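**Q** Data: work12.cif, mmCIF, C-alpha atoms and all ligand atoms.
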data_upload
#
loop_
_atom_site.label_atom_id
_atom_site.label_comp_id
_atom_site.auth_asym_id
_atom_site.auth_seq_id
_atom_site.Cartn_x
_atom_site.Cartn_y
_atom_site.Cartn_z
CA MET A 1 -5.87 -13.10 28.62
CA ILE A 2 -7.76 -12.01 25.54
CA ARG A 3 -8.55 -8.34 25.75
CA ARG A 4 -11.83 -7.37 24.26
CA PRO A 5 -11.79 -4.06 22.50
CA HIS A 6 -13.47 -1.23 24.37
CA LYS A 7 -16.38 -0.73 22.04
CA VAL A 8 -18.66 2.24 21.79
CA MET A 9 -21.98 0.85 20.58
CA LYS A 10 -24.70 3.02 19.22
CA PRO A 11 -28.02 1.25 19.10
CA ARG A 12 -29.65 4.31 17.62
CA ALA A 13 -28.29 6.69 15.04
CA ALA A 14 -26.40 8.99 17.32
CA GLY A 15 -23.09 10.80 17.51
CA PRO A 16 -20.12 9.20 19.19
CA ALA A 17 -20.42 8.85 22.93
CA THR A 18 -17.65 11.40 23.38
CA ALA A 19 -19.81 14.03 21.65
CA PRO A 20 -23.20 13.22 23.12
CA THR A 21 -26.45 13.85 21.40
CA GLY A 22 -28.46 14.86 24.41
CA ALA A 23 -29.67 11.29 24.74
CA GLY A 24 -28.82 9.47 27.93
CA LEU A 25 -25.58 7.58 28.48
CA LEU A 26 -25.66 3.90 29.30
CA VAL A 27 -22.55 2.20 30.69
CA VAL A 28 -22.92 -1.57 30.59
CA HIS A 29 -21.16 -4.79 31.55
CA ALA A 30 -18.79 -3.37 34.14
CA ALA A 31 -16.85 -6.29 35.60
CA GLU A 32 -17.27 -4.50 38.94
CA LEU A 33 -19.68 -1.64 39.31
CA VAL A 34 -18.64 0.06 42.53
CA THR A 35 -21.82 1.86 43.56
CA LEU A 36 -20.93 2.87 47.14
CA ARG A 37 -24.64 2.79 47.75
CA GLY A 38 -25.82 2.29 51.29
CA PRO A 39 -28.51 3.19 53.79
CA TRP A 40 -26.45 6.03 55.32
CA ALA A 41 -27.30 9.61 54.48
CA ARG A 42 -24.09 10.74 56.20
CA ALA A 43 -20.36 10.04 56.13
CA ARG A 44 -19.45 6.43 56.92
CA ARG A 45 -17.51 5.22 59.92
CA GLY A 46 -16.12 2.00 61.35
CA GLU A 47 -17.24 -1.13 59.53
CA GLU A 48 -19.41 0.93 57.17
CA MET A 49 -16.21 2.06 55.48
CA ARG A 50 -15.61 -1.46 54.15
CA ASP A 51 -18.83 -1.65 52.10
CA LEU A 52 -18.36 -0.73 48.42
CA GLY A 53 -21.76 -1.95 47.19
CA ILE A 54 -20.22 -3.80 44.21
CA VAL A 55 -22.55 -5.07 41.47
CA PRO A 56 -20.95 -7.64 39.14
CA ASP A 57 -21.77 -7.15 35.44
CA GLY A 58 -23.21 -3.78 36.41
CA ALA A 59 -24.74 -0.95 34.44
CA VAL A 60 -25.51 2.72 35.01
CA TYR A 61 -27.91 4.91 33.06
CA ILE A 62 -27.44 8.69 33.14
CA GLU A 63 -29.80 11.28 31.71
CA GLY A 64 -29.97 15.03 32.15
CA GLY A 65 -26.64 14.88 33.98
CA ARG A 66 -28.03 12.63 36.73
CA ILE A 67 -28.05 8.94 37.42
CA ARG A 68 -31.41 7.36 36.68
CA GLU A 69 -30.72 3.63 36.95
CA VAL A 70 -28.06 1.48 38.58
CA GLY A 71 -27.90 -2.31 38.74
CA ASP A 72 -27.34 -5.55 36.91
CA THR A 73 -26.74 -4.98 33.18
CA ARG A 74 -29.58 -7.24 32.02
CA GLU A 75 -32.04 -5.46 34.27
CA VAL A 76 -30.90 -1.94 33.32
CA LEU A 77 -30.94 -2.83 29.60
CA ARG A 78 -34.48 -4.15 29.96
CA VAL A 79 -35.64 -0.83 31.38
CA ARG A 80 -33.40 1.57 29.46
CA GLY A 81 -32.01 -0.33 26.48
CA GLY A 82 -32.09 1.49 23.16
CA ALA A 83 -32.52 4.88 24.76
CA ALA A 84 -28.96 6.01 24.87
CA ASP A 85 -25.38 6.16 23.70
CA VAL A 86 -23.77 3.03 25.11
CA LEU A 87 -20.31 2.51 26.56
CA ASP A 88 -19.25 -1.11 26.92
CA ALA A 89 -17.22 -1.52 30.12
CA THR A 90 -16.57 -5.25 29.73
CA GLY A 91 -13.55 -6.22 31.81
CA LYS A 92 -13.39 -2.79 33.45
CA VAL A 93 -14.20 -1.27 36.82
CA VAL A 94 -16.74 1.55 37.03
CA LEU A 95 -16.87 3.76 40.13
CA PRO A 96 -17.90 7.28 41.13
CA GLY A 97 -15.49 10.08 40.25
CA PHE A 98 -13.05 10.86 43.05
CA VAL A 99 -13.82 13.72 45.38
CA ASP A 100 -10.73 15.57 46.63
CA ALA A 101 -11.72 16.94 50.05
CA HIS A 102 -8.81 19.34 50.59
CA THR A 103 -6.68 21.30 48.15
CA HIS A 104 -4.80 24.58 48.04
CA ALA A 105 -4.82 24.38 44.24
CA ALA A 106 -5.30 28.12 43.59
CA PHE A 107 -1.91 29.82 43.58
CA ALA A 108 0.70 31.35 41.30
CA GLY A 109 4.28 30.21 40.81
CA SER A 110 6.05 27.11 42.01
CA ARG A 111 8.41 26.13 44.81
CA HIS A 112 10.55 23.59 43.00
CA GLU A 113 13.71 25.49 44.01
CA GLU A 114 12.93 24.75 47.66
CA LEU A 115 13.13 21.02 47.22
CA ALA A 116 16.89 21.14 47.77
CA TRP A 117 16.26 22.72 51.21
CA LYS A 118 14.05 19.79 52.11
CA VAL A 119 16.68 17.35 50.84
CA GLU A 120 19.15 19.09 53.16
CA GLY A 121 16.76 18.38 56.03
CA LEU A 122 15.10 21.77 56.64
CA SER A 123 11.76 21.43 58.43
CA PHE A 124 8.46 23.03 57.40
CA ARG A 125 8.96 25.78 60.02
CA GLU A 126 12.61 26.35 59.00
CA VAL A 127 11.61 26.78 55.36
CA LEU A 128 8.96 29.33 56.45
CA ALA A 129 11.51 31.13 58.63
CA ARG A 130 13.75 31.55 55.56
CA GLY A 131 10.87 33.34 53.83
CA GLY A 132 10.08 30.23 51.80
CA GLY A 133 7.06 27.94 51.96
CA ILE A 134 3.73 29.71 52.19
CA HIS A 135 5.48 33.12 52.34
CA ARG A 136 7.08 32.54 48.95
CA THR A 137 3.77 31.56 47.37
CA VAL A 138 2.04 34.55 48.95
CA ARG A 139 4.57 36.84 47.24
CA ASP A 140 4.02 35.12 43.88
CA THR A 141 0.23 35.07 44.21
CA ARG A 142 -0.09 38.70 45.33
CA ALA A 143 1.94 39.71 42.28
CA ALA A 144 -0.24 37.70 39.86
CA THR A 145 -3.37 38.90 38.11
CA LYS A 146 -6.62 37.05 38.64
CA GLU A 147 -6.36 35.83 35.03
CA ALA A 148 -2.91 34.37 35.71
CA ILE A 149 -4.21 32.56 38.80
CA VAL A 150 -7.12 31.18 36.76
CA ALA A 151 -4.79 29.95 34.01
CA ALA A 152 -2.30 28.30 36.39
CA THR A 153 -5.04 26.68 38.46
CA ARG A 154 -6.90 25.46 35.37
CA LYS A 155 -3.85 23.41 34.36
CA ARG A 156 -3.79 21.72 37.76
CA LEU A 157 -7.51 20.98 37.60
CA ASP A 158 -6.96 19.42 34.17
CA GLY A 159 -4.27 17.21 35.71
CA MET A 160 -6.54 16.19 38.60
CA LEU A 161 -9.37 15.37 36.20
CA ARG A 162 -7.08 13.10 34.16
CA PHE A 163 -6.44 11.13 37.35
CA GLY A 164 -10.17 10.86 38.04
CA THR A 165 -11.08 13.75 40.32
CA THR A 166 -14.52 15.08 39.34
CA THR A 167 -15.22 17.23 42.40
CA ALA A 168 -12.74 19.15 44.55
CA GLU A 169 -12.54 21.62 47.36
CA VAL A 170 -10.16 24.54 46.70
CA LYS A 171 -8.96 26.94 49.38
CA SER A 172 -7.71 30.50 49.17
CA GLY A 173 -4.92 31.45 51.56
CA TYR A 174 -2.01 32.69 49.45
CA GLY A 175 -3.24 36.29 49.32
CA LEU A 176 -3.60 37.23 52.99
CA THR A 177 -4.95 40.70 52.16
CA THR A 178 -8.63 41.34 51.58
CA GLU A 179 -8.03 42.27 47.96
CA SER A 180 -5.81 39.32 47.16
CA GLU A 181 -8.00 36.76 48.97
CA LEU A 182 -10.99 38.07 47.01
CA ALA A 183 -9.06 37.73 43.74
CA ILE A 184 -8.17 34.09 44.52
CA LEU A 185 -11.74 33.18 45.48
CA GLN A 186 -13.10 34.94 42.39
CA ALA A 187 -10.59 32.99 40.30
CA ILE A 188 -11.98 29.78 41.83
CA ASP A 189 -15.53 30.99 41.09
CA GLU A 190 -14.56 31.56 37.47
CA LEU A 191 -13.13 28.04 37.21
CA ALA A 192 -16.21 26.60 38.91
CA GLY A 193 -18.24 28.06 36.04
CA SER A 194 -15.94 27.02 33.22
CA HIS A 195 -14.07 23.83 34.16
CA PRO A 196 -15.73 20.41 33.94
CA MET A 197 -14.79 19.65 37.53
CA SER A 198 -17.25 20.67 40.28
CA LEU A 199 -15.57 22.96 42.80
CA VAL A 200 -16.37 23.99 46.34
CA SER A 201 -14.39 26.94 47.65
CA THR A 202 -13.05 27.69 51.11
CA PHE A 203 -11.82 31.02 52.42
CA MET A 204 -8.55 30.55 54.28
CA GLY A 205 -7.31 34.02 55.12
CA ALA A 206 -6.01 32.42 58.35
CA HIS A 207 -3.54 30.20 56.51
CA THR A 208 -0.56 31.94 58.06
CA VAL A 209 0.31 35.31 59.58
CA PRO A 210 1.65 37.47 56.72
CA PRO A 211 5.05 39.18 57.17
CA GLU A 212 3.54 42.66 57.59
CA PHE A 213 1.67 41.36 60.67
CA GLN A 214 4.61 39.40 62.13
CA GLY A 215 4.28 39.38 65.92
CA ARG A 216 0.73 40.75 65.62
CA ALA A 217 -1.32 37.61 65.03
CA ASP A 218 -4.17 39.09 67.13
CA ALA A 219 -4.47 42.08 64.83
CA TYR A 220 -4.34 39.89 61.73
CA ALA A 221 -6.99 37.48 63.09
CA GLY A 222 -9.15 40.55 63.75
CA LEU A 223 -8.73 41.68 60.15
CA VAL A 224 -9.69 38.21 58.91
CA ALA A 225 -12.81 38.13 61.10
CA ASP A 226 -13.98 41.72 60.76
CA GLU A 227 -13.01 42.71 57.21
CA MET A 228 -12.19 39.66 55.11
CA VAL A 229 -15.05 37.37 56.17
CA PRO A 230 -17.84 39.88 55.34
CA ALA A 231 -16.16 40.80 52.04
CA VAL A 232 -15.68 37.16 51.04
CA ALA A 233 -19.23 36.20 52.03
CA SER A 234 -20.78 38.97 49.96
CA ARG A 235 -18.49 38.91 46.91
CA THR A 236 -17.50 35.30 46.33
CA GLY A 237 -19.05 31.86 46.22
CA ALA A 238 -17.03 30.56 49.21
CA ARG A 239 -18.91 28.01 51.28
CA PHE A 240 -16.40 27.27 54.04
CA CYS A 241 -13.95 29.14 56.23
CA ASP A 242 -10.75 27.35 57.34
CA VAL A 243 -8.22 28.32 60.01
CA TRP A 244 -4.80 26.75 60.67
CA VAL A 245 -4.72 26.30 64.43
CA GLU A 246 -1.06 25.83 65.30
CA GLY A 247 1.56 27.07 67.74
CA GLY A 248 3.07 30.28 66.34
CA LEU A 249 0.16 30.73 63.91
CA PHE A 250 -3.45 30.95 65.08
CA SER A 251 -4.62 30.01 68.55
CA ALA A 252 -7.93 28.34 69.43
CA ASP A 253 -9.18 31.78 70.52
CA HIS A 254 -8.25 33.36 67.20
CA ALA A 255 -10.11 30.53 65.49
CA ARG A 256 -13.18 30.97 67.68
CA ARG A 257 -13.29 34.66 66.77
CA ILE A 258 -12.93 33.97 63.04
CA PHE A 259 -15.47 31.14 63.06
CA ALA A 260 -18.02 33.29 64.93
CA ALA A 261 -17.76 35.89 62.16
CA ALA A 262 -17.86 33.18 59.50
CA LYS A 263 -21.00 31.66 60.96
CA ALA A 264 -22.68 35.06 61.15
CA HIS A 265 -21.99 35.43 57.42
CA GLY A 266 -23.13 31.94 56.43
CA LEU A 267 -19.70 30.27 56.05
CA GLU A 268 -19.25 26.82 57.61
CA ALA A 269 -16.11 25.92 59.54
CA LYS A 270 -13.18 23.68 58.67
CA VAL A 271 -10.00 23.41 60.74
CA HIS A 272 -6.38 22.65 59.89
CA ALA A 273 -5.90 20.72 63.09
CA ASP A 274 -2.96 19.20 64.96
CA GLU A 275 -0.67 19.06 61.95
CA LEU A 276 2.70 19.99 63.47
CA SER A 277 1.74 19.51 67.12
CA ASP A 278 -1.28 18.81 69.33
CA THR A 279 -2.89 22.22 69.74
CA GLY A 280 -6.37 20.97 70.56
CA GLY A 281 -7.52 21.48 66.96
CA ALA A 282 -9.60 18.30 66.84
CA ALA A 283 -11.55 19.24 69.99
CA LEU A 284 -11.96 22.79 68.72
CA ALA A 285 -13.46 21.48 65.46
CA ALA A 286 -16.03 19.55 67.48
CA GLU A 287 -16.72 22.57 69.71
CA VAL A 288 -17.43 24.95 66.81
CA GLY A 289 -19.44 22.38 64.84
CA ALA A 290 -16.93 22.20 61.98
CA VAL A 291 -17.73 19.96 59.04
CA SER A 292 -14.19 18.57 59.10
CA ALA A 293 -10.87 18.68 60.92
CA ASP A 294 -7.97 18.11 58.56
CA HIS A 295 -4.42 16.70 58.91
CA LEU A 296 -4.73 15.32 62.51
CA LEU A 297 -1.19 13.95 62.76
CA HIS A 298 -0.99 14.73 66.46
CA ALA A 299 -4.65 14.71 67.50
CA SER A 300 -5.31 13.57 71.08
CA ASP A 301 -7.64 10.72 72.04
CA ALA A 302 -9.96 13.24 73.68
CA GLY A 303 -9.99 15.33 70.49
CA LEU A 304 -10.83 12.33 68.32
CA GLY A 305 -13.52 11.26 70.80
CA ALA A 306 -15.12 14.70 70.56
CA MET A 307 -15.01 14.53 66.75
CA ALA A 308 -16.63 11.08 66.72
CA GLU A 309 -19.39 12.27 69.02
CA LYS A 310 -20.20 15.29 66.83
CA GLY A 311 -19.71 13.46 63.52
CA VAL A 312 -16.85 15.77 62.47
CA ILE A 313 -15.10 14.21 59.47
CA GLY A 314 -11.36 13.62 59.75
CA VAL A 315 -9.66 14.51 56.48
CA VAL A 316 -6.24 12.88 56.20
CA LEU A 317 -3.64 14.11 53.73
CA PRO A 318 -0.74 11.73 53.25
CA SER A 319 0.94 13.77 50.46
CA ALA A 320 1.49 16.57 52.99
CA SER A 321 3.37 14.19 55.29
CA VAL A 322 5.55 12.99 52.43
CA ALA A 323 6.34 16.48 51.17
CA ALA A 324 6.89 18.13 54.54
CA GLY A 325 8.77 15.20 56.08
CA LEU A 326 6.13 14.76 58.77
CA PRO A 327 4.79 11.57 60.34
CA PHE A 328 1.69 10.04 58.77
CA ALA A 329 -1.76 10.43 60.33
CA ASP A 330 -2.90 7.15 61.86
CA ALA A 331 -6.14 6.62 59.96
CA ARG A 332 -6.66 3.25 61.65
CA ARG A 333 -6.75 5.02 65.02
CA LEU A 334 -9.29 7.52 63.68
CA ILE A 335 -11.49 4.75 62.31
CA ARG A 336 -11.25 2.84 65.60
CA ALA A 337 -12.27 6.00 67.45
CA GLY A 338 -15.44 6.18 65.32
CA VAL A 339 -14.34 9.21 63.25
CA PRO A 340 -15.57 9.15 59.63
CA VAL A 341 -12.40 9.45 57.55
CA ALA A 342 -12.01 11.23 54.21
CA LEU A 343 -8.98 11.74 51.97
CA GLY A 344 -7.60 14.74 50.14
CA SER A 345 -4.56 15.44 48.00
CA ASP A 346 -3.70 18.68 49.85
CA LEU A 347 -2.41 19.79 46.42
CA ASN A 348 -0.35 22.88 47.18
CA PRO A 349 2.95 24.33 45.95
CA GLY A 350 4.84 22.50 48.68
CA ALA A 351 3.08 19.13 48.16
CA TRP A 352 2.15 19.03 44.51
CA ASN A 353 0.07 15.90 43.98
CA GLU A 354 -2.70 15.99 41.39
CA SER A 355 -3.48 12.28 41.67
CA MET A 356 -6.08 10.90 44.05
CA GLN A 357 -4.90 7.45 42.91
CA GLY A 358 -1.50 8.33 44.38
CA VAL A 359 -3.24 9.46 47.57
CA LEU A 360 -5.09 6.12 47.78
CA ALA A 361 -1.80 4.26 47.47
CA LEU A 362 -0.26 6.30 50.29
CA ALA A 363 -3.38 5.76 52.42
CA THR A 364 -3.22 1.98 52.09
CA HIS A 365 0.55 1.67 52.43
CA ARG A 366 1.16 4.29 55.10
CA LEU A 367 -2.02 5.28 56.94
CA GLY A 368 -3.26 1.79 57.78
CA MET A 369 -6.34 1.92 55.58
CA TYR A 370 -7.80 -1.06 53.75
CA PRO A 371 -8.32 -0.36 50.03
CA GLU A 372 -12.10 -0.36 50.56
CA GLU A 373 -11.78 2.24 53.31
CA ALA A 374 -9.53 4.41 51.16
CA ILE A 375 -12.06 4.29 48.31
CA VAL A 376 -14.93 5.26 50.62
CA ALA A 377 -12.71 8.04 52.02
CA ALA A 378 -12.00 9.36 48.51
CA THR A 379 -15.62 9.31 47.34
CA VAL A 380 -18.64 9.39 49.69
CA ASN A 381 -16.84 10.57 52.80
CA ALA A 382 -14.88 13.21 50.92
CA ALA A 383 -18.18 14.41 49.44
CA PHE A 384 -19.70 14.79 52.91
CA ALA A 385 -16.54 16.57 54.09
CA ILE A 386 -17.23 19.34 51.56
CA GLY A 387 -21.00 19.45 51.98
CA LYS A 388 -21.79 17.56 48.75
CA GLY A 389 -22.58 14.11 50.15
CA LYS A 390 -26.11 14.11 48.80
CA GLU A 391 -24.97 15.00 45.26
CA VAL A 392 -21.72 13.18 44.49
CA GLY A 393 -19.57 10.31 45.73
CA ALA A 394 -21.88 7.35 45.05
CA LEU A 395 -23.69 5.86 42.07
CA ASP A 396 -27.30 6.09 43.09
CA PRO A 397 -30.39 7.38 41.27
CA GLY A 398 -30.64 11.15 41.65
CA MET A 399 -26.90 11.66 42.18
CA ALA A 400 -24.64 13.40 39.65
CA GLY A 401 -23.67 11.31 36.64
CA ASP A 402 -19.96 11.45 37.50
CA LEU A 403 -18.06 8.21 37.03
CA LEU A 404 -14.76 6.67 36.07
CA ILE A 405 -14.06 3.70 33.84
CA LEU A 406 -10.83 2.05 34.94
CA ASP A 407 -8.56 -0.06 32.80
CA ALA A 408 -8.57 -2.78 35.47
CA ASP A 409 -10.91 -5.68 36.11
CA ALA A 410 -10.94 -5.41 39.91
CA VAL A 411 -11.27 -2.36 42.12
CA GLY A 412 -8.51 -3.80 44.31
CA HIS A 413 -5.99 -2.32 41.88
CA LEU A 414 -6.77 1.07 43.46
CA GLY A 415 -4.57 1.60 46.47
CA TYR A 416 -2.38 -1.29 45.33
CA ARG A 417 -0.72 0.41 42.37
CA LEU A 418 1.79 3.00 43.51
CA GLY A 419 2.03 4.92 40.26
CA GLY A 420 0.44 5.13 36.83
CA ASN A 421 -3.08 6.10 35.88
CA LEU A 422 -5.83 3.48 35.75
CA VAL A 423 -8.47 5.96 34.63
CA GLU A 424 -9.44 5.31 31.03
CA LYS A 425 -12.52 7.53 30.83
CA VAL A 426 -13.95 10.24 33.00
CA VAL A 427 -17.68 10.86 32.70
CA LYS A 428 -18.91 14.12 34.22
CA ALA A 429 -22.65 14.80 34.40
CA GLY A 430 -23.20 12.10 31.78
CA ARG A 431 -20.60 13.44 29.33
CA VAL A 432 -17.25 11.84 28.54
CA VAL A 433 -14.80 14.64 29.40
CA MET A 434 -11.58 12.62 29.30
CA ASP A 435 -10.78 9.56 27.22
CA ARG A 436 -7.43 7.80 27.19
CA SER A 437 -8.59 4.53 25.59
CA PRO A 438 -5.91 3.19 23.33
CA LEU A 439 -6.71 3.30 19.62
CA ARG A 440 -7.21 -0.19 18.31
O1 LIG B 501 -2.21 21.86 54.16
N1 LIG B 501 -1.14 23.08 56.56
C1 LIG B 501 -1.22 24.14 55.98
N2 LIG B 501 -1.12 24.42 54.71
C2 LIG B 501 -0.70 23.54 53.71
C3 LIG B 501 0.68 23.79 53.25
C4 LIG B 501 0.65 24.91 52.34
C5 LIG B 501 1.95 25.25 51.72
O2 LIG B 501 3.00 24.70 52.09
O3 LIG B 501 1.90 26.09 50.81
C6 LIG B 501 -1.02 22.12 54.06
O4 LIG B 501 -0.15 21.28 54.22
FE FE B 502 -3.98 22.09 53.88
#
Can the structure in the file be given as structure tokens, please?
Ligand code: NIG
Ligand code: FE
**A**
Amino acid sequence: MIRRPHKVMKPRAAGPATAPTGAGLLVVHAAELVTLRGPWARARRGEEMRDLGIVPDGAVYIEGGRIREVGDTREVLRVRGGAADVLDATGKVVLPGFVDAHTHAAFAGSRHEELAWKVEGLSFREVLARGGGIHRTVRDTRAATKEAIVAATRKRLDGMLRFGTTTAEVKSGYGLTTESELAILQAIDELAGSHPMSLVSTFMGAHTVPPEFQGRADAYAGLVADEMVPAVASRTGARFCDVWVEGGLFSADHARRIFAAAKAHGLEAKVHADELSDTGGAALAAEVGAVSADHLLHASDAGLGAMAEKGVIGVVLPSASVAAGLPFADARRLIRAGVPVALGSDLNPGAWNESMQGVLALATHRLGMYPEEAIVAATVNAAFAIGKGKEVGALDPGMAGDLLILDADAVGHLGYRLGGNLVEKVVKAGRVVMDRSPLR
């Protein structure tokens, strides 16, 4: 096949597209323009998850950071030609930037030394019992300055962006004291204001019971609800509050107490649900009106039914299963139950995956998702799972000008390729923020 060079054309005297002039950005001749447009102003479910809204020979026009025009290249050029820096996407796929619906990306340190324990067969709970896992990262993060957390997290965000993530949710949860949780959330706020990626932050003081409260989960849940929630709501930009409902951690009643406080302070609920066992987390998410229930490896039929009825999004996280040696969530079962499914990397020190492309490959090969469903789950549905469904996740006029140009001529390469990086360019709010095109 003859490869046409990836040209940057400039119809008007303007700077290179990578250093924009303030003019709009026009991306033309995409072999497949994956718009993900549709009539649904909500997360997609069932058959809706198979519809990618592909326009052959498609074009997108972005101005002022937002999408203004989407459609057939000839038509878009007729309306907007000559008004912009132009990127020629001949032979390439163009799609919205990935949205990562669930990360624990804000932490200090690393847990690479623990990998040997996993190789020797230690379970998630056994690693925790040895003072490893979350406990280890809590020690490292408490000892770090806010600046150190910002610097370490920034590197991970850079990595995610290179793999095509343009919006991500980031949780706290490695501080577990009011002061340290505030520092983590303020670090995320700082990155939200200075990193090209859009961030949504979640307070997760109820990530685990810290050692100083061992055997006193009630008292710790009280501290989270009565002291941490009000402090977080008034001093950070957190939008959500997440609780890990699990045997030996937080009960449904602890979660109810924390979510009642969260709601009173304007934080919306998310639940780490049914990850290690069925603890009724899915049903609880429906009961408290959570935006999403995440993990869901052991969710019951009744729990999934309740989620479907309330429109609670099921966020599945295959990297977590790989890294913790757990079974995979059955996404097919969720989709059949009518639950809108989203994907996340779950990037955390025990499951360090910065690549949503890798997550897509796990979703197709291990969770029973068709590539189309995985793409919907990693864009529109992930956006709805973090309260940004009206802003990002699809290429539609009025939405953010966040898109990826892939070095592939069919979107079916996503989910099919197990490794590598197909992302050639990342456009964020109409600006090229990452460019790996080969020099020719
Ligand atoms: O989402 N499930 C809870 N928390 C993380 C693990 C965090 C860690 O191991 O540091 C998760 O898998
Ligand atoms: Fe998680």
**Q** Show me which residues line ligand FE 502 (chain B), defined as having an atom within 7 Å of a ligand atom where all atoms listed in the file count, and present them as a ChimeraX atom specification.
**A** /A:102-104,272,346
**Q** For the atom pair CA of Arg125 (chain A) and CA of Ala302 (chain A), what is the interatomic distance in Å to one decimal place?
**A**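 Separation between CA of Arg125 (chain A) and CA of Ala302 (chain A): 26.5 Å.
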**Q** Env of region 398-408 of chain A: 8 Å cut, atoms = all atoms listed in the file, seq-sep filter 4 positions within chain, self excluded. Answer as a ChimeraX atom specification.
**A** /A:62-63,65-68,89,91-97,164,166,390-392,394,413,422-430
**Q** Using all atoms listed in the file, find each residue with an atom at most 7 Å away from ligand LIG 501 (chain B) and format the answer as a count of residues only.
**A** 14
**Q** Excluding same-chain residues fewer than 6 positions from region 35-39 of chain A, what lies within 7 Å of it counting only C-alpha atoms, as a PyMOL selection string?
**A** chain A and resi 52-54+95+394-396
**Q** Do you know which residues are at most 8 Å from Ala59 (chain A) counting only C-alpha atoms, after dropping those on the same chain fewer than 5 positions away, and could you put them as a list in words?
**A**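 So the residues in contact are Leu26, Val27, Val28, His29, Ala30, Leu33, Glu69, Val70, Gly71, Asp72, Thr73 and Val76 of chain A.
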